[in-house]
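model-v5.txt (compact mmCIF, C-alpha atoms and all ligand atoms)
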# COMPACT_ATOMS: atom_id res chain seq x y z
CA MET A 178 22.91 32.25 -3.11
CA THR A 179 20.85 34.14 -0.52
CA GLU A 180 20.11 37.41 -2.27
CA ASN A 181 18.30 40.08 -0.27
CA ILE A 182 15.39 37.92 0.72
CA GLU A 183 13.11 39.88 3.01
CA ILE A 184 10.73 37.97 5.25
CA ARG A 185 7.78 39.77 6.78
CA ARG A 186 4.51 38.89 8.47
CA ALA A 187 1.48 39.20 6.26
CA SER A 188 -1.53 41.26 7.35
CA PRO A 189 -5.10 41.38 6.01
CA VAL A 190 -4.10 43.99 3.41
CA ASP A 191 -1.96 41.28 1.77
CA ALA A 192 -4.99 39.06 1.14
CA GLY A 193 -5.18 39.72 -2.61
CA MET A 194 -1.47 39.25 -3.26
CA LEU A 195 -1.34 36.18 -1.04
CA THR A 196 -4.33 34.62 -2.81
CA ASP A 197 -2.56 34.97 -6.18
CA LEU A 198 0.73 33.69 -4.78
CA ALA A 199 -0.88 30.71 -3.01
CA TYR A 200 -2.84 29.79 -6.14
CA LYS A 201 0.13 30.08 -8.47
CA THR A 202 2.62 28.21 -6.29
CA PHE A 203 0.18 25.34 -5.66
CA TRP A 204 -0.62 25.12 -9.36
CA ASP A 205 3.05 25.15 -10.39
CA ALA A 206 3.92 22.50 -7.79
CA PHE A 207 1.10 20.04 -8.37
CA ALA A 208 -0.97 20.67 -11.52
CA GLY A 209 1.34 18.72 -13.80
CA HIS A 210 1.41 15.60 -11.63
CA PRO A 211 -0.30 12.60 -13.27
CA LYS A 212 -1.80 11.52 -9.92
CA ASN A 213 -3.80 14.76 -9.70
CA ALA A 214 -7.06 14.68 -11.67
CA PRO A 215 -7.83 18.16 -13.08
CA ASP A 216 -11.36 18.16 -11.59
CA ASP A 217 -10.09 17.37 -8.09
CA LEU A 218 -7.36 19.95 -8.33
CA ASP A 219 -9.84 22.53 -9.56
CA ALA A 220 -12.38 21.77 -6.81
CA TYR A 221 -9.72 22.03 -4.09
CA MET A 222 -8.04 25.15 -5.44
CA LYS A 223 -11.28 27.09 -6.03
CA LYS A 224 -12.12 26.71 -2.35
CA ALA A 225 -8.69 26.81 -0.69
CA PHE A 226 -7.41 29.79 -2.66
CA ALA A 227 -10.55 31.89 -2.84
CA PRO A 228 -9.90 35.47 -1.66
CA GLU A 229 -12.45 35.10 1.16
CA THR A 230 -10.75 31.89 2.39
CA ILE A 231 -7.31 33.50 2.52
CA ARG A 232 -8.74 36.64 4.11
CA ALA A 233 -10.36 34.56 6.87
CA GLU A 234 -7.16 32.56 7.43
CA LEU A 235 -5.20 35.80 7.77
CA GLU A 236 -7.48 36.74 10.62
CA GLU A 237 -7.20 33.44 12.51
CA GLU A 238 -5.79 34.17 15.94
CA ASN A 239 -3.14 31.46 16.04
CA SER A 240 -2.09 31.57 12.39
CA VAL A 241 1.00 33.37 11.15
CA PHE A 242 1.57 34.00 7.45
CA LEU A 243 5.06 34.93 6.34
CA ILE A 244 5.83 36.45 2.96
CA ALA A 245 9.24 36.31 1.30
CA GLU A 246 10.09 39.11 -1.09
CA ILE A 247 13.00 39.73 -3.42
CA LYS A 248 13.27 43.35 -4.57
CA GLY A 249 9.66 43.85 -3.53
CA GLU A 250 8.44 40.91 -5.60
CA PRO A 251 6.58 38.05 -3.85
CA ALA A 252 8.97 35.07 -3.83
CA GLY A 253 7.29 32.64 -1.45
CA TYR A 254 5.17 32.26 1.65
CA ALA A 255 4.63 30.09 4.69
CA LYS A 256 1.77 29.55 7.10
CA LEU A 257 2.18 28.46 10.71
CA MET A 258 -0.63 27.34 12.99
CA ILE A 259 0.45 27.59 16.59
CA GLY A 260 -1.14 24.99 18.85
CA SER A 261 -2.51 22.90 15.96
CA THR A 262 -2.04 19.17 16.39
CA GLU A 263 -3.30 15.84 15.17
CA ASP A 264 -3.18 12.10 15.94
CA GLY A 265 0.35 10.78 15.60
CA ILE A 266 2.08 14.01 16.65
CA SER A 267 3.90 13.84 19.99
CA ALA A 268 4.21 17.28 21.50
CA GLU A 269 3.40 19.36 24.56
CA ARG A 270 3.02 22.54 22.57
CA PRO A 271 2.94 21.81 18.84
CA CYS A 272 3.17 24.16 15.90
CA GLU A 273 1.99 23.10 12.45
CA LEU A 274 3.89 24.24 9.39
CA ASN A 275 0.74 24.28 7.33
CA ARG A 276 2.27 25.61 4.08
CA LEU A 277 5.65 26.51 2.67
CA TYR A 278 5.99 27.46 -0.98
CA SER A 279 8.65 29.19 -3.04
CA HIS A 280 7.71 30.88 -6.29
CA GLN A 281 8.88 28.71 -9.18
CA LYS A 282 10.94 31.59 -10.51
CA PHE A 283 13.02 31.61 -7.32
CA LEU A 284 13.36 27.88 -6.60
CA GLY A 285 16.78 26.90 -5.28
CA ARG A 286 17.71 30.46 -4.36
CA GLY A 287 17.34 30.39 -0.60
CA VAL A 288 13.69 31.43 -0.26
CA GLY A 289 12.61 28.14 1.34
CA ALA A 290 15.53 28.30 3.77
CA ALA A 291 14.77 31.91 4.76
CA LEU A 292 11.10 31.09 5.34
CA MET A 293 11.93 27.92 7.29
CA ASP A 294 14.44 29.74 9.52
CA GLU A 295 11.87 32.38 10.40
CA CYS A 296 9.16 29.74 11.00
CA LEU A 297 11.47 27.92 13.42
CA ARG A 298 12.34 31.18 15.16
CA ILE A 299 8.68 32.12 15.62
CA ALA A 300 7.75 28.63 16.86
CA ARG A 301 10.54 28.74 19.46
CA GLU A 302 9.55 32.30 20.44
CA ASN A 303 6.05 30.91 21.12
CA ALA A 304 7.53 28.19 23.35
CA CYS A 305 6.56 25.39 20.96
CA ASP A 306 8.46 22.14 21.47
CA VAL A 307 7.63 20.48 18.14
CA MET A 308 7.02 21.59 14.57
CA TRP A 309 5.08 19.21 12.36
CA LEU A 310 3.66 19.06 8.84
CA GLY A 311 1.96 16.87 6.25
CA VAL A 312 3.66 16.42 2.88
CA TRP A 313 2.17 14.54 -0.08
CA GLU A 314 3.53 11.02 -0.53
CA TYR A 315 4.32 11.89 -4.17
CA ASN A 316 6.26 15.05 -3.32
CA PRO A 317 9.84 13.78 -2.92
CA ARG A 318 11.32 17.27 -3.32
CA GLY A 319 9.30 18.59 -0.39
CA GLN A 320 10.17 15.54 1.71
CA GLY A 321 13.88 15.94 0.92
CA PHE A 322 13.80 19.59 1.90
CA TYR A 323 12.10 18.82 5.22
CA ARG A 324 14.48 15.94 5.95
CA LYS A 325 17.39 18.31 5.45
CA TYR A 326 15.88 20.48 8.20
CA GLY A 327 15.65 17.52 10.59
CA PHE A 328 11.99 16.55 10.18
CA ARG A 329 11.33 12.82 10.62
CA GLU A 330 8.38 10.70 9.47
CA VAL A 331 5.90 9.89 12.25
CA GLY A 332 2.80 8.71 10.39
CA SER A 333 0.34 9.71 7.70
CA HIS A 334 -3.01 11.41 7.27
CA VAL A 335 -5.58 11.99 4.56
CA PHE A 336 -5.46 15.20 2.56
CA GLN A 337 -8.70 15.64 0.65
CA LEU A 338 -8.06 16.99 -2.86
CA GLY A 339 -11.57 17.40 -4.24
CA SER A 340 -12.97 13.85 -4.35
CA ASP A 341 -9.50 12.26 -3.99
CA PRO A 342 -8.41 11.18 -0.48
CA GLN A 343 -4.64 11.59 -0.87
CA THR A 344 -2.02 10.37 1.59
CA ASP A 345 0.22 12.93 3.27
CA ILE A 346 3.25 11.81 5.23
CA LEU A 347 3.34 13.36 8.70
CA MET A 348 6.75 14.64 9.76
CA GLN A 349 7.84 16.30 12.97
CA LYS A 350 10.93 18.00 14.35
CA ASN A 351 11.79 18.71 17.96
CA LEU A 352 12.60 22.37 18.59
C1 LIG B 1 10.40 22.71 -0.93
C2 LIG B 1 10.68 24.15 -1.33
C3 LIG B 1 9.85 25.09 -0.47
C4 LIG B 1 12.16 24.46 -1.16
O1 LIG B 1 12.34 25.85 -1.39
P1 LIG B 1 13.60 26.47 -2.15
O2 LIG B 1 13.39 27.96 -2.12
O3 LIG B 1 13.79 25.86 -3.47
O4 LIG B 1 14.76 26.00 -1.17
P2 LIG B 1 16.17 26.74 -0.88
O5 LIG B 1 16.75 27.26 -2.16
O6 LIG B 1 15.98 27.74 0.20
O7 LIG B 1 17.01 25.55 -0.31
C5 LIG B 1 17.36 25.51 1.04
C6 LIG B 1 18.27 24.38 1.30
O8 LIG B 1 17.56 23.16 1.16
C7 LIG B 1 18.18 22.36 0.19
N1 LIG B 1 17.15 21.68 -0.54
C8 LIG B 1 16.19 22.22 -1.32
N2 LIG B 1 15.40 21.26 -1.82
C9 LIG B 1 15.89 20.09 -1.33
C10 LIG B 1 15.53 18.74 -1.48
N3 LIG B 1 14.53 18.36 -2.24
N4 LIG B 1 16.24 17.79 -0.83
C11 LIG B 1 17.28 18.13 -0.06
N5 LIG B 1 17.69 19.40 0.13
C12 LIG B 1 16.99 20.37 -0.50
C13 LIG B 1 18.97 23.31 -0.68
O9 LIG B 1 20.05 22.64 -1.31
C14 LIG B 1 19.44 24.31 0.33
O10 LIG B 1 20.53 23.79 1.07
P3 LIG B 1 21.92 24.58 1.18
O11 LIG B 1 21.55 25.88 1.84
O12 LIG B 1 22.74 23.70 2.05
O13 LIG B 1 22.38 24.73 -0.21
C15 LIG B 1 10.35 24.37 -2.83
O14 LIG B 1 10.94 23.34 -3.56
C16 LIG B 1 8.89 24.47 -3.17
O15 LIG B 1 8.26 25.49 -3.03
N6 LIG B 1 8.31 23.37 -3.66
C17 LIG B 1 6.95 23.33 -4.11
C18 LIG B 1 5.97 23.40 -2.97
C19 LIG B 1 6.18 22.32 -1.96
O16 LIG B 1 6.39 21.17 -2.30
N7 LIG B 1 6.11 22.72 -0.69
C20 LIG B 1 6.31 21.84 0.41
C21 LIG B 1 5.21 20.87 0.57
S1 LIG B 1 3.78 21.47 1.31
Using structure tokens, write down the structure that the file contains.
Ligand SMILES: CC(C)(COP(=O)(O)OP(=O)(O)OC[C@H]1O[C@@H](n2cnc3c(N)ncnc32)[C@H](O)[C@@H]1OP(=O)(O)O)[C@@H](O)C(=O)NCCC(=O)NCCS
Amino acid sequence: MTENIEIRRASPVDAGMLTDLAYKTFWDAFAGHPKNAPDDLDAYMKKAFAPETIRAELEEENSVFLIAEIKGEPAGYAKLMIGSTEDGISAERPCELNRLYSHQKFLGRGVGAALMDECLRIARENACDVMWLGVWEYNPRGQGFYRKYGFREVGSHVFQLGSDPQTDILMQKNL
């Protein structure tokens, strides 16, 4: 199942590729959901996945972007924010798993696992004691994946999609 998946850290030169990958994977995951109004999705995506937004995020000091590639082709990505926390998270030194997306073409082929393993390794290397994340209440696949990795529900927060205040479930895992 795991077929030559290479995981590497992204750098600012990856901004263009990462913008396309982030846009496409978000669109594929959520655009078809009846709870997402096209205008809200559009407003969020235009801002979150603008090249200048991704470029600035790549330069954030405590952020780590990981890119998964299969035969040189982008197959997924993850973003960690070391030290990021929020109400409801219990940690001394938290690490937020801010994004984790596999390209639709490679779903179920080990990309998510390879990214998650490297995220956990980096968080431990940075002496983090907890990894946490927010996952949309209507994303059962994401929730199932995180549960498999030992994340447990600890609360909820609002994720603003355009004009729509959506509910994300907060999950955390002790490292
Ligand atoms: C969640 C996601 C990242 C999983 O990635 P993936 O590349 O399909 O996952 P993998 O093929 O690496 O699967 C890894 C393991 O998790 C398991 N798994 C995958 N999805 C699962 C689910 N919904 N429930 C339980 N287990 C799951 C797989 O069976 C596999 O286990 P195994 O190694 O014992 O066979 C992917 O579905 C995705 O990108 N979804 C859209 C974006 C998203 O929802 N992201 C997370 C929310 S922000």
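Around ligand LIG 1 (chain B), the neighbouring residues within 6 Å, taking all atoms listed in the file, come to Ala206, Arg276, Leu277, Tyr278, Ser279, Leu284, Gly285, Arg286, Gly287, Val288, Gly289, Ala290, Val312, Arg318, Gly319, Gly321, Phe322 and Lys325 of chain A.
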Residue neighbourhood Lys282 in chain A, 10 Å, all atoms listed in the file, exclusion window fewer than 5 positions, as a list of chain:residue names:
A:Thr202, A:Ala252, A:Gly253
Produce a file of the selected residues containing C-alpha atoms, as a short mmCIF file (atom, residue, chain, number, x, y, z; two decimals), in the frame of the given file.
data_model
loop_
_atom_site.label_atom_id
_atom_site.label_comp_id
_atom_site.auth_asym_id
_atom_site.auth_seq_id
_atom_site.Cartn_x
_atom_site.Cartn_y
_atom_site.Cartn_z
CA THR A 202 2.62 28.21 -6.29
CA ALA A 252 8.97 35.07 -3.83
CA GLY A 253 7.29 32.64 -1.45
#
With distances taken over all atoms listed in the file, which residue among A:Ala220, A:Val307, A:Ile182, A:Leu297 lies nearest Glu250 in chain A?
A:Ile182
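Omitting Pro189 in chain A and its sequence neighbours fewer than 5 positions away, and counting all atoms listed in the file, the residues within 9 Å are Ile231, Arg232, Ala233, Leu235 and Glu236 of chain A.
Using all atoms listed in the file, the nearest neighbour of Pro271 in chain A within the list A:Ala255, A:Asp216, A:Phe226, A:Gln349 is A:Gln349.
Take CA of Ala225 in chain A and CA of Phe203 in chain A: the distance between them is 10.3 Å.
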Just the residues within 9 Å of Gly327 in chain A, please, counting all atoms listed in the file, with nothing from its chain fewer than 4 positions along; format it as number ranges by chain.
A: 323, 349-351
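The environment of Tyr221 in chain A within 10 Å, counting only C-alpha atoms and disregarding residues fewer than 2 places along the same chain, consists of Pro215, Asp216, Asp217, Leu218, Asp219, Lys223, Lys224, Ala225, Phe226, Ala227, Gln337, Leu338, Gly339, Ser340 and Asp341 of chain A.
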Give me a file of those residues, with C-alpha atoms, as a compact mmCIF listing (two decimals), in the frame of the given file.
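The result, written out as part12.txt:
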# COMPACT_ATOMS: atom_id res chain seq x y z
CA PRO A 215 -7.83 18.16 -13.08
CA ASP A 216 -11.36 18.16 -11.59
CA ASP A 217 -10.09 17.37 -8.09
CA LEU A 218 -7.36 19.95 -8.33
CA ASP A 219 -9.84 22.53 -9.56
CA LYS A 223 -11.28 27.09 -6.03
CA LYS A 224 -12.12 26.71 -2.35
CA ALA A 225 -8.69 26.81 -0.69
CA PHE A 226 -7.41 29.79 -2.66
CA ALA A 227 -10.55 31.89 -2.84
CA GLN A 337 -8.70 15.64 0.65
CA LEU A 338 -8.06 16.99 -2.86
CA GLY A 339 -11.57 17.40 -4.24
CA SER A 340 -12.97 13.85 -4.35
CA ASP A 341 -9.50 12.26 -3.99
For Asp191 in chain A: contacts at 10 Å, all atoms listed in the file, fewer than 3 positions along chain excluded, given as a ChimeraX atom specification
/A:186-188,194-196,231-232,235,242,244
Let me have the centre and edge lengths in Å, one decimal, of the box along x, y and z around every listed atom of range 192-197 of chain A with 8 Å of margin on each side, as JSON.
{"center_x": -3.3, "center_y": 37.2, "center_z": -2.5, "size_x": 19.8, "size_y": 21.1, "size_z": 23.3}
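The residue that comes closest to Ile266 in chain A, out of A:Trp309, A:Phe283, A:Phe336, A:Trp204 and on the basis of only C-alpha atoms, is A:Trp309.
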Do you have the CA of Ala208 in chain A-CA of Val335 in chain A distance handy?
18.8 Å
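Of the listed residues (A:Leu292, A:Tyr254, A:Met348, A:Ser267), A:Met348 comes nearest to Arg324 in chain A; the distances count all atoms listed in the file.
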